[in-house]
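All remarks here apply to the structure that follows.
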Amino acid sequence: MTIPDRGTPKDQLFTQMERLRAGDGDAKGHRLFSLVYGARPDVLEVAEEAYRRFFSENGLNPMTFPSLRRFESDVLATTLSLLSAPAGAAGSMTSGGSESLLLAVKTARDWARVHRPGVRSPSMLLPVTAHPALHKAAHALDVRAVTVPVTTAFTADVEAARELADDDTILVVASAPQYPHGVLDPVAPLAELAAERGILCHVDACIGGFFLPWLEKLGTRLPPFDFRVPGVTSISADLHKYGYAAKGASTILYRTAALRRHQHFAYADWPGGLFVSPSMLGTRPGGAIAAAWAVMNYLGAEGYLDLTRRAMDATARIRREVESIAGLVVLGDPVMSILAVGAAPETVPLDLYVVADAMQERGWRIDRQQSPASLHFTVSPEHDAVVAHLVRDLRETTEAVRASGKTAEGMAAMYGMLGRLPDRAVVREALLDFMDGMDGSAS
Ligand SMILES: *Cc1c(COP(=O)(O)O)cnc(C)c1O
């Protein structure tokens with residue numbers, strides 16, 4: 001394939017693009033339970049409009065576009081305050097949770113090079129439920145990931161963490177909440193462990209950072225998870241999840257500007273000029289920064305509180321219904337709008353992957369998790385319109401699978417097989433083969 005000799009007329013082009021979209025997940029109709037965070041059509045409109053207006057601006061150089069600089073500093077000051085940061089705390093906007101986590105690990109590594117010179121082979125403590133982006137960061141930055149087991153409630157096991165910590169440990173990670181089951185790790189005890197050892201503690205609040213504070217303001221009592229916990233040194237919070245911003249927006253926050261300085265990169269010897277950059281990206285889309293600022297100010301506290309209430313109501317309804325369906329249970333004690341639905345302990349437990357396939361046939365996209373097998377729901381405010389339909393389909397498909405004793409085939413069989421294979425290296429190879437098979441090669 002080559003670039004066409006002649007351009008395509010605009011109308012024809014968009015017709016073709018809309019046609020190609022036919023097989024996509026239903027992002028706006030809310031039949032997806034991951035990847036998309038639906039607030040309200042008017043919120044989406046504000047994000048799109050702000051993005052479009054600042055489409056050409058580049059956040060690479062803060063001096064050229066003072067508007068972007070202002071948006072970014074407002075977004076950061078607001079987020080720092082939302083997460084109870086003390087005076088002197090500082091952060092950066094990034095392209096997403098993965099970049100925020102990469103920077104948190106890089107900062108810890110570079111901080112340790114200065115402040116823990118005895119460390120030969122830096123390592124970090126990572127609950128097994130921590131997001132894979134942290135493993136990706138560890139891999140890229142040559143920091144060893146030491147995995148911490150979780151309790152039967154799926155929260156990080158503090159005693160195990162204590163035993164795994166050693167003189168090479170530079171960072172302890174807690175999630176608020178963790179993604180697979182939506183449960184809160186014991187942030188305070190993990191941060192205390194870090195503080196006792198004089199090392200850093202990162203809280204991955206990528207998904208909870210713009211949700212838990214509002215939930216608290218609505219009256220839910222939660223164990224402290226943010227900068228109120230003395231040993232917490234950094235927090236990541238994604239704007240493009242429950243901040244309802246356009247995709248490509250997250251924050252990484254540090255207790256002190258001195259700590260953030262380890263994140264920054266300066267190069268003084270380039271013939272192209274003096275270079276300094278805060279994050280991993282060079283060019284940064286102005287649209288993502290502008291949209292985050294616009295949505296925050298459009299919604300205000302009132303808007304976020306209302307959306308949080310709606311998402312929680314929808315979650316509570318799903319949870320209640322799931323608990324009344326024979327064969328299904330909610331795993332752990334989820335604190336927010338994330339649910340993992342597992343199979344109830346039975347003589348012949350339900351094959352949830354078969355249920356997921358049956359739900360997919362009815363147009364629902366629900367993520368499949370492993371060890372133990374479960375179905376994952378990230379609930380957005382806009383899901384309130386589909387809850388009744390969702391739970392009816394879930395009840396019917398579950399009952400049908402139980403009645404038929406249907407065994408796994410197709411997707412379900414593949415997930416089951418890959419989940420059970422004891423040799424995880426084989427599974428990793430299969431995943432890499434899958435990636436090779438995706439497009440991106442010369443035709
Ligand atoms: C989404 C998520 C991430 C990764 O964020 P991206 O924006 O997808 O890169 C990391 N941690 C948690 C807990 C998340 O939910």
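Ligands are numbered from 1 in the order shown, chains are lettered A, B, ... in the order of the structure tokens, and residues start at 1 in each chain.
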Neighbours of ligand 1 within 10 Å, counting only C-alpha atoms and all ligand atoms, as a ChimeraX atom specification?
-> /A:34-35,94-102,129-134,174-180,182,203-209,236-241,247-250,338,378
Against stretch 385-394 of chain A, which residues of stretch 299-333 of chain A fall within 9 Å? For each one I want the closest pair of atoms and the distance in Å (one decimal), counting only C-alpha atoms, rows by chain and increasing residue number, as a Markdown table.
| residue | atom | partner | partner_atom | distance |
| --- | --- | --- | --- | --- |
| A:Ala314 | CA | A:Val387 | CA | 6.6 |
| A:Thr315 | CA | A:Val387 | CA | 8.7 |
| A:Arg317 | CA | A:Val387 | CA | 7.4 |
| A:Ile318 | CA | A:Val391 | CA | 6.6 |
| A:Glu321 | CA | A:Val391 | CA | 6.6 |
| A:Val322 | CA | A:Val391 | CA | 7.3 |
| A:Ile325 | CA | A:Leu394 | CA | 8.5 |
Step one, run DSSP on the backbone; step two, keep only residues of stretch 270-407 of chain A assigned to helix (DSSP H, G or I); then write them as a PyMOL selection string.
-> chain A and resi 286-323+352-361+381-385+387-404
Expected file: the selected residues, C-alpha atoms, as a tab-separated table (two decimals), in the first residue's frame:
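The file below, out.tsv, is the result:
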chain	number	residue	atom	x	y	z
A	286	GLY	CA	-2.44	21.41	23.19
A	287	GLY	CA	-5.93	20.00	22.71
A	288	ALA	CA	-5.60	17.48	25.54
A	289	ILE	CA	-4.37	20.15	27.97
A	290	ALA	CA	-7.08	22.62	26.94
A	291	ALA	CA	-9.86	20.02	27.14
A	292	ALA	CA	-8.83	18.95	30.66
A	293	TRP	CA	-8.99	22.57	31.85
A	294	ALA	CA	-12.29	23.20	30.07
A	295	VAL	CA	-14.05	20.11	31.45
A	296	MET	CA	-12.86	20.79	35.01
A	297	ASN	CA	-14.22	24.30	34.93
A	298	TYR	CA	-17.38	23.36	33.05
A	299	LEU	CA	-18.30	20.69	35.61
A	300	GLY	CA	-17.15	22.36	38.80
A	301	ALA	CA	-17.44	20.51	42.10
A	302	GLU	CA	-21.20	20.37	41.65
A	303	GLY	CA	-20.85	18.57	38.30
A	304	TYR	CA	-18.31	16.05	39.60
A	305	LEU	CA	-20.41	15.33	42.68
A	306	ASP	CA	-23.46	14.68	40.54
A	307	LEU	CA	-21.58	12.39	38.14
A	308	THR	CA	-20.00	10.52	41.04
A	309	ARG	CA	-23.42	9.97	42.60
A	310	ARG	CA	-24.81	8.68	39.29
A	311	ALA	CA	-21.91	6.28	38.74
A	312	MET	CA	-22.23	4.97	42.31
A	313	ASP	CA	-25.99	4.48	41.99
A	314	ALA	CA	-25.51	2.50	38.78
A	315	THR	CA	-22.74	0.45	40.43
A	316	ALA	CA	-24.88	-0.29	43.49
A	317	ARG	CA	-27.72	-1.49	41.28
A	318	ILE	CA	-25.43	-3.77	39.27
A	319	ARG	CA	-23.86	-5.10	42.48
A	320	ARG	CA	-27.24	-5.82	44.08
A	321	GLU	CA	-28.53	-7.62	40.99
A	322	VAL	CA	-25.33	-9.62	40.50
A	323	GLU	CA	-25.53	-10.82	44.11
A	352	LEU	CA	-17.53	-17.03	33.29
A	353	TYR	CA	-15.70	-16.87	29.99
A	354	VAL	CA	-18.66	-18.65	28.37
A	355	VAL	CA	-20.95	-16.03	29.95
A	356	ALA	CA	-18.70	-13.25	28.59
A	357	ASP	CA	-18.97	-14.72	25.08
A	358	ALA	CA	-22.77	-14.97	25.39
A	359	MET	CA	-22.91	-11.35	26.58
A	360	GLN	CA	-20.74	-10.32	23.64
A	361	GLU	CA	-23.21	-11.97	21.29
A	381	PRO	CA	-22.39	7.79	35.06
A	382	GLU	CA	-23.96	7.26	31.64
A	383	HIS	CA	-24.31	3.55	32.31
A	384	ASP	CA	-27.34	4.32	34.47
A	385	ALA	CA	-29.41	4.27	31.28
A	387	VAL	CA	-28.27	-1.00	33.92
A	388	ALA	CA	-31.70	-2.66	33.69
A	389	HIS	CA	-30.90	-4.08	30.26
A	390	LEU	CA	-27.42	-5.17	31.32
A	391	VAL	CA	-28.50	-7.09	34.41
A	392	ARG	CA	-31.39	-8.74	32.56
A	393	ASP	CA	-28.97	-10.00	29.92
A	394	LEU	CA	-26.45	-11.06	32.55
A	395	ARG	CA	-29.14	-13.00	34.42
A	396	GLU	CA	-30.41	-14.71	31.27
A	397	THR	CA	-26.99	-15.63	29.89
A	398	THR	CA	-25.81	-16.89	33.30
A	399	GLU	CA	-28.92	-19.04	33.73
A	400	ALA	CA	-28.58	-20.39	30.20
A	401	VAL	CA	-24.93	-21.32	30.70
A	402	ARG	CA	-25.72	-23.01	34.03
A	403	ALA	CA	-28.68	-24.92	32.58
A	404	SER	CA	-26.90	-26.11	29.46
Closest-contact table, stretch 120-233 of chain A side, partner stretch 71-91 of chain A, 7 Å, counting only C-alpha atoms, as a tab-separated table:
residue	atom	partner	partner_atom	distance
A:Pro213	CA	A:Leu82	CA	6.6
A:Asp226	CA	A:Leu83	CA	5.6
A:Phe227	CA	A:Ala85	CA	5.2
A:Arg228	CA	A:Ser84	CA	6.0
Excluding A:Arg365 and residues on its chain fewer than 3 positions from it, collect all residues at most 7 Å away from it, counting only C-alpha atoms, and give them as a PyMOL selection string.
-> chain A and resi 31-33+360
So that I have them on file, write out the residues from the current selection with C-alpha atoms, as a PDB file, in the first residue's frame.
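Generated output (result_34.pdb):
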ATOM      1  CA  ARG A  31     -22.302  -1.148  25.958  1.00  0.00           C
ATOM      2  CA  LEU A  32     -18.612  -1.024  26.815  1.00  0.00           C
ATOM      3  CA  PHE A  33     -17.402  -1.492  30.388  1.00  0.00           C
ATOM      4  CA  GLN A 360     -20.739 -10.324  23.644  1.00  0.00           C
TER       5      GLN A 360
END
